[in-house]
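For reference, my_file.txt is printed below; it contains compact mmCIF, C-alpha atoms.
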# COMPACT_ATOMS: atom_id res chain seq x y z
CA MET N 1 106.33 97.58 124.55
CA SER N 2 104.32 97.56 121.34
CA ARG N 3 103.20 94.20 119.95
CA HIS N 4 103.81 93.99 116.23
CA VAL N 5 105.15 92.04 113.26
CA ALA N 6 108.69 93.20 112.53
CA ILE N 7 110.41 93.27 109.14
CA VAL N 8 114.06 92.33 108.64
CA THR N 9 116.00 92.48 105.38
CA ASP N 10 119.69 92.72 104.52
CA SER N 11 122.01 95.49 103.43
CA THR N 12 121.67 94.66 99.72
CA ALA N 13 118.11 96.08 99.72
CA TYR N 14 119.71 99.57 99.59
CA LEU N 15 116.73 101.19 101.24
CA PRO N 16 117.32 104.80 102.31
CA PRO N 17 118.05 104.96 106.07
CA ARG N 18 115.17 107.37 106.67
CA THR N 19 112.78 105.00 104.91
CA MET N 20 113.91 102.07 107.05
CA GLU N 21 113.51 104.16 110.20
CA ARG N 22 110.05 105.37 109.20
CA HIS N 23 108.82 101.82 108.60
CA GLY N 24 110.78 100.09 111.34
CA ILE N 25 112.76 97.88 108.96
CA THR N 26 116.00 96.32 110.20
CA ALA N 27 118.81 95.56 107.72
CA VAL N 28 121.45 92.94 108.57
CA PRO N 29 124.77 93.81 106.87
CA LEU N 30 126.67 91.57 104.51
CA THR N 31 130.46 91.70 104.54
CA VAL N 32 132.92 92.88 101.90
CA VAL N 33 136.43 91.45 102.11
CA LEU N 34 138.91 93.94 100.68
CA GLY N 35 142.39 92.47 100.73
CA ASP N 36 142.72 91.19 104.30
CA GLN N 37 140.02 93.48 105.73
CA ALA N 38 136.46 92.29 106.43
CA LEU N 39 134.16 95.32 106.33
CA GLU N 40 130.42 95.65 106.94
CA GLU N 41 128.46 96.95 103.99
CA GLY N 42 126.86 100.30 104.60
CA THR N 43 128.89 101.28 107.66
CA GLU N 44 132.53 100.32 107.13
CA ILE N 45 132.97 100.54 103.36
CA SER N 46 131.43 102.97 100.89
CA ALA N 47 130.54 102.41 97.25
CA ARG N 48 133.18 105.00 96.32
CA SER N 49 135.93 103.08 98.17
CA LEU N 50 134.78 99.86 96.56
CA ALA N 51 134.82 101.35 93.06
CA GLN N 52 138.33 102.69 93.59
CA ALA N 53 139.53 99.28 94.77
CA LEU N 54 138.01 97.56 91.74
CA GLN N 55 139.56 100.08 89.36
CA LYS N 56 142.94 99.29 90.95
CA ARG N 57 142.16 95.57 90.52
CA ARG N 58 142.48 94.89 94.23
CA PRO N 59 141.00 91.53 95.30
CA VAL N 60 137.42 91.93 96.53
CA THR N 61 135.08 89.20 97.76
CA THR N 62 131.83 89.17 99.69
CA SER N 63 130.37 86.99 102.43
CA ARG N 64 127.03 86.44 104.11
CA PRO N 65 126.15 87.45 107.67
CA SER N 66 126.68 84.63 110.15
CA PRO N 67 123.71 82.80 111.70
CA GLU N 68 124.85 84.28 115.03
CA VAL N 69 124.36 87.82 113.70
CA PHE N 70 120.83 86.95 112.60
CA ALA N 71 120.11 85.24 115.92
CA ALA N 72 121.17 88.34 117.85
CA THR N 73 119.01 90.51 115.58
CA TYR N 74 115.95 88.31 116.07
CA ARG N 75 116.45 88.27 119.86
CA ALA N 76 116.73 92.06 120.04
CA ILE N 77 113.59 92.51 117.95
CA ALA N 78 111.66 90.03 120.10
CA GLU N 79 112.78 91.90 123.22
CA SER N 80 111.41 95.11 121.70
CA GLY N 81 107.94 93.56 121.74
CA ALA N 82 107.57 91.93 118.31
CA THR N 83 105.27 88.90 118.21
CA GLY N 84 106.61 87.69 114.87
CA ILE N 85 109.29 88.48 112.29
CA VAL N 86 109.35 88.40 108.50
CA SER N 87 112.94 88.15 107.26
CA LEU N 88 113.28 88.99 103.55
CA HIS N 89 116.56 88.45 101.71
CA LEU N 90 118.39 88.62 98.43
CA SER N 91 118.27 85.71 96.04
CA ALA N 92 119.77 82.52 97.44
CA GLU N 93 121.40 82.11 94.03
CA PHE N 94 123.71 85.01 94.91
CA SER N 95 124.44 84.47 98.59
CA GLY N 96 124.16 82.19 101.60
CA THR N 97 122.34 84.96 103.48
CA TYR N 98 118.98 83.19 103.24
CA ASP N 99 120.47 79.95 104.59
CA ALA N 100 122.08 81.77 107.52
CA ALA N 101 118.75 83.41 108.37
CA VAL N 102 116.95 80.04 108.22
CA LEU N 103 119.42 78.54 110.69
CA ALA N 104 118.97 81.43 113.10
CA ALA N 105 115.19 81.42 112.79
CA ARG N 106 115.00 77.89 114.27
CA GLU N 107 116.18 79.19 117.65
CA ALA N 108 114.41 82.55 117.63
CA PRO N 109 112.18 83.38 120.63
CA VAL N 110 109.28 84.40 118.33
CA PRO N 111 108.10 82.92 115.02
CA VAL N 112 110.30 83.96 112.08
CA ARG N 113 109.36 83.48 108.42
CA VAL N 114 112.45 83.65 106.22
CA VAL N 115 111.79 84.41 102.54
CA ASP N 116 114.11 84.05 99.56
CA THR N 117 112.65 86.88 97.48
CA GLY N 118 114.75 86.05 94.41
CA MET N 119 115.43 89.79 94.30
CA VAL N 120 118.30 92.17 95.04
CA ALA N 121 118.83 95.93 95.44
CA MET N 122 115.61 97.99 95.47
CA ALA N 123 113.73 95.03 93.99
CA LEU N 124 114.30 93.54 97.45
CA GLY N 125 113.71 96.93 99.06
CA PHE N 126 110.26 97.27 97.49
CA CYS N 127 109.36 93.80 98.83
CA ALA N 128 110.42 94.86 102.33
CA LEU N 129 108.36 98.05 102.06
CA SER N 130 105.25 96.12 101.03
CA ALA N 131 105.69 93.74 103.97
CA ALA N 132 106.22 96.67 106.35
CA ARG N 133 103.07 98.42 105.14
CA SER N 134 101.10 95.22 105.67
CA ALA N 135 102.47 94.93 109.21
CA GLU N 136 101.74 98.60 109.92
CA SER N 137 98.09 98.06 109.00
CA GLY N 138 97.82 95.20 111.50
CA GLY N 139 98.69 92.35 109.14
CA THR N 140 99.88 88.99 110.42
CA VAL N 141 103.20 87.36 109.59
CA ASP N 142 101.51 85.39 106.80
CA GLU N 143 99.86 88.50 105.39
CA ALA N 144 103.16 90.40 105.39
CA VAL N 145 104.85 87.50 103.60
CA THR N 146 102.05 87.41 101.01
CA ALA N 147 102.42 91.14 100.41
CA ALA N 148 106.17 90.76 99.85
CA GLU N 149 105.79 87.77 97.55
CA LYS N 150 103.11 89.54 95.50
CA ARG N 151 105.41 92.55 95.09
CA ALA N 152 108.31 90.31 94.07
CA ALA N 153 106.19 88.53 91.45
CA GLY N 154 105.43 91.80 89.68
CA THR N 155 108.89 93.36 89.95
CA SER N 156 111.43 93.41 87.12
CA THR N 157 115.13 94.29 87.24
CA TYR N 158 117.30 95.18 84.24
CA PHE N 159 120.84 96.48 84.18
CA TYR N 160 123.78 97.42 82.04
CA VAL N 161 127.42 96.76 82.90
CA ASP N 162 130.51 97.99 81.10
CA THR N 163 132.01 94.49 81.24
CA LEU N 164 130.93 91.01 82.28
CA ASP N 165 134.34 90.33 83.83
CA TYR N 166 133.28 91.14 87.40
CA LEU N 167 130.21 88.91 87.20
CA ARG N 168 132.32 86.13 85.71
CA ARG N 169 134.95 86.40 88.44
CA GLY N 170 132.29 86.19 91.11
CA GLY N 171 130.61 83.21 89.47
CA ARG N 172 127.39 85.16 88.94
CA ILE N 173 127.20 84.56 85.18
CA GLY N 174 128.50 81.75 83.02
CA ALA N 175 132.12 81.98 81.87
CA ALA N 176 131.14 81.12 78.30
CA GLN N 177 128.74 84.06 78.09
CA ALA N 178 131.34 86.37 79.58
CA LEU N 179 133.95 85.28 77.04
CA LEU N 180 131.50 85.62 74.18
CA GLY N 181 130.67 89.16 75.23
CA SER N 182 134.33 90.10 75.41
CA ALA N 183 135.14 88.52 72.09
CA LEU N 184 132.43 90.48 70.29
CA ALA N 185 133.17 93.71 72.18
CA VAL N 186 129.48 94.04 72.99
CA LYS N 187 127.84 95.95 75.81
CA PRO N 188 125.59 93.58 77.73
CA LEU N 189 122.08 94.20 79.01
CA LEU N 190 121.11 91.77 81.74
CA GLN N 191 118.01 90.89 83.73
CA LEU N 192 117.14 89.20 86.98
CA ASP N 193 115.16 86.09 86.10
CA GLY N 194 114.24 83.35 88.54
CA GLY N 195 116.71 84.73 91.05
CA ARG N 196 119.56 84.49 88.54
CA ILE N 197 121.38 86.99 86.34
CA GLU N 198 120.65 86.24 82.70
CA LEU N 199 121.95 87.87 79.54
CA LEU N 200 119.03 89.72 77.94
CA GLU N 201 120.52 91.47 74.93
CA LYS N 202 123.91 92.39 73.48
CA VAL N 203 124.29 95.92 72.15
CA ARG N 204 127.28 97.35 70.29
CA THR N 205 127.88 100.58 72.23
CA ALA N 206 127.30 101.90 75.74
CA SER N 207 125.04 104.71 74.51
CA LYS N 208 122.84 102.28 72.57
CA ALA N 209 122.71 99.90 75.53
CA ILE N 210 121.56 102.66 77.89
CA ALA N 211 118.97 103.86 75.35
CA ARG N 212 117.69 100.30 75.06
CA LEU N 213 117.56 99.98 78.85
CA GLU N 214 115.37 103.08 78.96
CA GLU N 215 113.02 101.67 76.31
CA ILE N 216 112.68 98.39 78.21
CA VAL N 217 111.79 100.21 81.43
CA VAL N 218 109.17 102.37 79.69
CA GLU N 219 107.66 99.32 77.97
CA ARG N 220 107.62 97.30 81.19
CA ALA N 221 106.07 100.12 83.21
CA GLY N 222 103.24 100.66 80.72
CA GLY N 223 100.46 102.78 82.15
CA ALA N 224 100.30 101.12 85.57
CA GLU N 225 101.12 102.83 88.85
CA VAL N 226 104.73 101.88 89.43
CA ASP N 227 107.68 102.58 91.65
CA ILE N 228 111.06 102.73 89.91
CA ALA N 229 114.59 102.65 91.27
CA VAL N 230 117.62 103.66 89.23
CA HIS N 231 120.89 102.23 90.55
CA HIS N 232 124.48 102.90 89.55
CA LEU N 233 128.07 102.40 90.63
CA ALA N 234 130.46 105.29 89.99
CA ALA N 235 128.12 106.58 87.26
CA PRO N 236 126.00 109.33 88.87
CA GLU N 237 125.57 111.35 85.68
CA ARG N 238 124.24 108.32 83.81
CA ALA N 239 121.81 107.56 86.62
CA SER N 240 120.58 111.14 86.96
CA ALA N 241 120.03 111.49 83.22
CA LEU N 242 118.13 108.20 83.00
CA ALA N 243 115.97 109.15 85.98
CA ASP N 244 115.08 112.49 84.39
CA ARG N 245 114.05 110.81 81.16
CA LEU N 246 111.94 108.21 82.99
CA ARG N 247 110.14 110.93 84.96
CA ALA N 248 109.07 112.42 81.65
CA ARG N 249 108.15 109.14 79.96
CA VAL N 250 106.43 106.94 82.59
CA PRO N 251 102.86 108.21 83.10
CA GLY N 252 102.08 106.00 86.09
CA LEU N 253 105.25 106.81 88.02
CA ALA N 254 104.61 106.97 91.78
CA ASP N 255 108.03 107.07 93.44
CA LEU N 256 111.44 107.18 91.79
CA HIS N 257 114.54 106.34 93.82
CA VAL N 258 118.06 107.08 92.54
CA SER N 259 120.94 105.55 94.46
CA GLU N 260 124.39 104.10 94.20
CA VAL N 261 124.54 100.39 94.93
CA GLY N 262 126.53 99.28 97.93
CA ALA N 263 129.78 97.40 97.99
CA VAL N 264 128.34 93.87 97.90
CA ILE N 265 126.52 94.26 94.58
CA GLY N 266 129.16 96.64 93.24
CA ALA N 267 131.87 94.04 93.78
CA HIS N 268 130.13 91.77 91.29
CA THR N 269 129.09 94.34 88.66
CA GLY N 270 132.01 96.77 88.59
CA PRO N 271 132.07 100.54 88.01
CA GLY N 272 129.77 101.82 85.29
CA LEU N 273 126.77 99.78 86.39
CA LEU N 274 123.40 101.31 85.48
CA GLY N 275 120.27 99.47 86.50
CA ALA N 276 116.53 99.95 86.84
CA VAL N 277 113.93 98.25 88.99
CA ILE N 278 110.28 98.47 87.94
CA SER N 279 107.79 97.52 90.63
CA PRO N 280 104.02 97.90 90.14
CA ARG N 281 102.12 98.78 93.31
Could you quickly redo this structure as C-alpha cells?
Amino acid sequence: MSRHVAIVTDSTAYLPPRTMERHGITAVPLTVVLGDQALEEGTEISARSLAQALQKRRPVTTSRPSPEVFAATYRAIAESGATGIVSLHLSAEFSGTYDAAVLAAREAPVPVRVVDTGMVAMALGFCALSAARSAESGGTVDEAVTAAEKRAAGTSTYFYVDTLDYLRRGGRIGAAQALLGSALAVKPLLQLDGGRIELLEKVRTASKAIARLEEIVVERAGGAEVDIAVHHLAAPERASALADRLRARVPGLADLHVSEVGAVIGAHTGPGLLGAVISPR
C-alpha cells in the first residue's frame, strides 16, 4: 500500500470524474430531496432532471452527507494506505457538510484536517486540485491545507441568475433583496464573498447582465496566469458563448472548464444560471 496524504471534497466541487481519478480525489455526495425521494448528487439525479423539476415547481430541498458517510470514507482511505487526510468542503454558510465532516474526523483512524473553504463549485474544485498537487509532490497534511487556503484566498466567483426566487426560498440570500430585485424587474449579478452570496450589481436585462459578467471576469483575471470555470444550469449556449469570448480576451488563461452545475447548487439558483470562477495559479 502506498503511504500518502489523501484529498477528500464533496460533490459540489463539480470536478470532472477523470480529473478526480487522475489526482486521487474522493468526493462525498450531498443529497437532493425531490418530492419524497432522497437522491445522491452526481449518481442518482442529473442537472437536467433537477432543472425540469424546478421548472414544474416541484418541491426540491438539499441535505448534507451524514457523519457516518464521512466516517466510512475516511476509514476506507486509511485502509488504502493514507497517512493523513485533507477534507475540503463548500462554505459552511451554505451547508452542514463541514460540520458533519468535523464530527467524523474525530474518530478517524488517521489524522484528518477538515477545511471550510468558503467556496463552492469549481472554486472549491480548484482548492482541491491545489491540495492534491501538493500531496502528489510529497507535501504534508499542513502543506496541502496551506496550498488549498492560498488558492481559496485568490479565487473569485461571480454569477448571474434569471431570478432570485430560488435563492430566497432556500434562505441563501435575504428576502428583502429578493423582493427588491423582483419589484424592479432587474437581472441580478451576484458574488461569493466571505462564504456568502452577496448582491453585486443589478442590471436591467439578461443580455446586459451577461455582458457585465464577462467584463468583470476579464478585469479580475488581468494579465495573471489563471484558471477559469464557466458554470451553467440549463443554459449550455450561454455558457459556451461566454467561454469562447473569455478564451479570446484573457491573455493569461491556463485552463478553462465549462460544466453544468449539479443538482445541489442548481436547486438554489434555478435554470438560467451562468457563473464564472477565476482562480489565479
Could you name the residues that touch N:Tyr166 at 6 Å or less, counting all atoms listed in the file, but leaving out those on the same chain fewer than 4 positions away, as a PDB file with C-alpha atoms, keeping the file's coordinate frame?
ATOM      1  CA  HIS N 268     130.130  91.770  91.290  1.00  0.00           C
ATOM      2  CA  THR N 269     129.090  94.340  88.660  1.00  0.00           C
ATOM      3  CA  GLY N 270     132.010  96.770  88.590  1.00  0.00           C
TER       4      GLY N 270
END
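Atom CA of N:Leu190 sits 26.2 Å away from atom CA of N:Ile45.
Atom CA of N:Ser130 is positioned 12.3 Å from atom CA of N:Thr19.
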At a cut-off of 12 Å, using all atoms listed in the file, what residues contact N:Ala211? Leave out same-chain residues fewer than 2 positions from it and give the result as JSON, numbers by chain.
{"N": [159, 160, 187, 189, 203, 204, 205, 206, 207, 208, 209, 213, 214, 215, 216, 217, 218, 238, 241, 242, 245, 246, 274]}
Taking C-alpha atoms for each residue, export the selection above as a compact mmCIF listing (two decimals), keeping the file's coordinate frame.
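Generated file (result28.txt):
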# COMPACT_ATOMS: atom_id res chain seq x y z
CA PHE N 159 120.84 96.48 84.18
CA TYR N 160 123.78 97.42 82.04
CA LYS N 187 127.84 95.95 75.81
CA LEU N 189 122.08 94.20 79.01
CA VAL N 203 124.29 95.92 72.15
CA ARG N 204 127.28 97.35 70.29
CA THR N 205 127.88 100.58 72.23
CA ALA N 206 127.30 101.90 75.74
CA SER N 207 125.04 104.71 74.51
CA LYS N 208 122.84 102.28 72.57
CA ALA N 209 122.71 99.90 75.53
CA LEU N 213 117.56 99.98 78.85
CA GLU N 214 115.37 103.08 78.96
CA GLU N 215 113.02 101.67 76.31
CA ILE N 216 112.68 98.39 78.21
CA VAL N 217 111.79 100.21 81.43
CA VAL N 218 109.17 102.37 79.69
CA ARG N 238 124.24 108.32 83.81
CA ALA N 241 120.03 111.49 83.22
CA LEU N 242 118.13 108.20 83.00
CA ARG N 245 114.05 110.81 81.16
CA LEU N 246 111.94 108.21 82.99
CA LEU N 274 123.40 101.31 85.48
Would you work out the distance separating atom CA of N:Lys150 from atom CA of N:Ala105, expressed in Å to one decimal?
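Taking atom CA of N:Lys150 and atom CA of N:Ala105, their separation equals 22.6 Å.
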Find the residue from N:Leu273, N:Ala267, N:Tyr158, N:Gly118 that sits nearest to N:Ser63; use all atoms listed in the file when measuring.
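Among N:Leu273, N:Ala267, N:Tyr158, N:Gly118, it is N:Ala267 that comes nearest to N:Ser63.
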Could you tell me which of N:Val8, N:Ala248, N:Ala221, N:Leu200 comes closest to N:Ala148 if we count all atoms listed in the file?
N:Val8
With distances taken over all atoms listed in the file, which residue among N:Met122, N:Val145, N:Ala53, N:Val110 lies nearest N:Ala82?
N:Val110
Counting only C-alpha atoms, what is within 9 Å of stretch 222-237 of chain N, bar same-chain residues fewer than 3 positions away, as a PDB file with C-alpha atoms, in the frame of the given file?
ATOM      1  CA  ALA N  47     130.540 102.410  97.250  1.00  0.00           C
ATOM      2  CA  ARG N  48     133.180 105.000  96.320  1.00  0.00           C
ATOM      3  CA  ALA N  51     134.820 101.350  93.060  1.00  0.00           C
ATOM      4  CA  ALA N 121     118.830  95.930  95.440  1.00  0.00           C
ATOM      5  CA  MET N 122     115.610  97.990  95.470  1.00  0.00           C
ATOM      6  CA  ALA N 123     113.730  95.030  93.990  1.00  0.00           C
ATOM      7  CA  PHE N 126     110.260  97.270  97.490  1.00  0.00           C
ATOM      8  CA  PHE N 159     120.840  96.480  84.180  1.00  0.00           C
ATOM      9  CA  VAL N 217     111.790 100.210  81.430  1.00  0.00           C
ATOM     10  CA  VAL N 218     109.170 102.370  79.690  1.00  0.00           C
ATOM     11  CA  GLU N 219     107.660  99.320  77.970  1.00  0.00           C
ATOM     12  CA  SER N 240     120.580 111.140  86.960  1.00  0.00           C
ATOM     13  CA  ALA N 241     120.030 111.490  83.220  1.00  0.00           C
ATOM     14  CA  LEU N 242     118.130 108.200  83.000  1.00  0.00           C
ATOM     15  CA  ALA N 243     115.970 109.150  85.980  1.00  0.00           C
ATOM     16  CA  LEU N 246     111.940 108.210  82.990  1.00  0.00           C
ATOM     17  CA  VAL N 250     106.430 106.940  82.590  1.00  0.00           C
ATOM     18  CA  PRO N 251     102.860 108.210  83.100  1.00  0.00           C
ATOM     19  CA  GLY N 252     102.080 106.000  86.090  1.00  0.00           C
ATOM     20  CA  LEU N 253     105.250 106.810  88.020  1.00  0.00           C
ATOM     21  CA  ALA N 254     104.610 106.970  91.780  1.00  0.00           C
ATOM     22  CA  ASP N 255     108.030 107.070  93.440  1.00  0.00           C
ATOM     23  CA  LEU N 256     111.440 107.180  91.790  1.00  0.00           C
ATOM     24  CA  HIS N 257     114.540 106.340  93.820  1.00  0.00           C
ATOM     25  CA  VAL N 258     118.060 107.080  92.540  1.00  0.00           C
ATOM     26  CA  SER N 259     120.940 105.550  94.460  1.00  0.00           C
ATOM     27  CA  GLU N 260     124.390 104.100  94.200  1.00  0.00           C
ATOM     28  CA  VAL N 261     124.540 100.390  94.930  1.00  0.00           C
ATOM     29  CA  GLY N 262     126.530  99.280  97.930  1.00  0.00           C
ATOM     30  CA  GLY N 266     129.160  96.640  93.240  1.00  0.00           C
ATOM     31  CA  THR N 269     129.090  94.340  88.660  1.00  0.00           C
ATOM     32  CA  GLY N 270     132.010  96.770  88.590  1.00  0.00           C
ATOM     33  CA  PRO N 271     132.070 100.540  88.010  1.00  0.00           C
ATOM     34  CA  GLY N 272     129.770 101.820  85.290  1.00  0.00           C
ATOM     35  CA  LEU N 273     126.770  99.780  86.390  1.00  0.00           C
ATOM     36  CA  LEU N 274     123.400 101.310  85.480  1.00  0.00           C
ATOM     37  CA  GLY N 275     120.270  99.470  86.500  1.00  0.00           C
ATOM     38  CA  ALA N 276     116.530  99.950  86.840  1.00  0.00           C
ATOM     39  CA  VAL N 277     113.930  98.250  88.990  1.00  0.00           C
ATOM     40  CA  ILE N 278     110.280  98.470  87.940  1.00  0.00           C
ATOM     41  CA  SER N 279     107.790  97.520  90.630  1.00  0.00           C
ATOM     42  CA  PRO N 280     104.020  97.900  90.140  1.00  0.00           C
ATOM     43  CA  ARG N 281     102.120  98.780  93.310  1.00  0.00           C
TER      44      ARG N 281
END
So, with all atoms listed in the file as the atoms that count, which of N:Arg75, N:Gly138, N:Val264, N:Thr61 lies closest to N:Val33?
N:Thr61
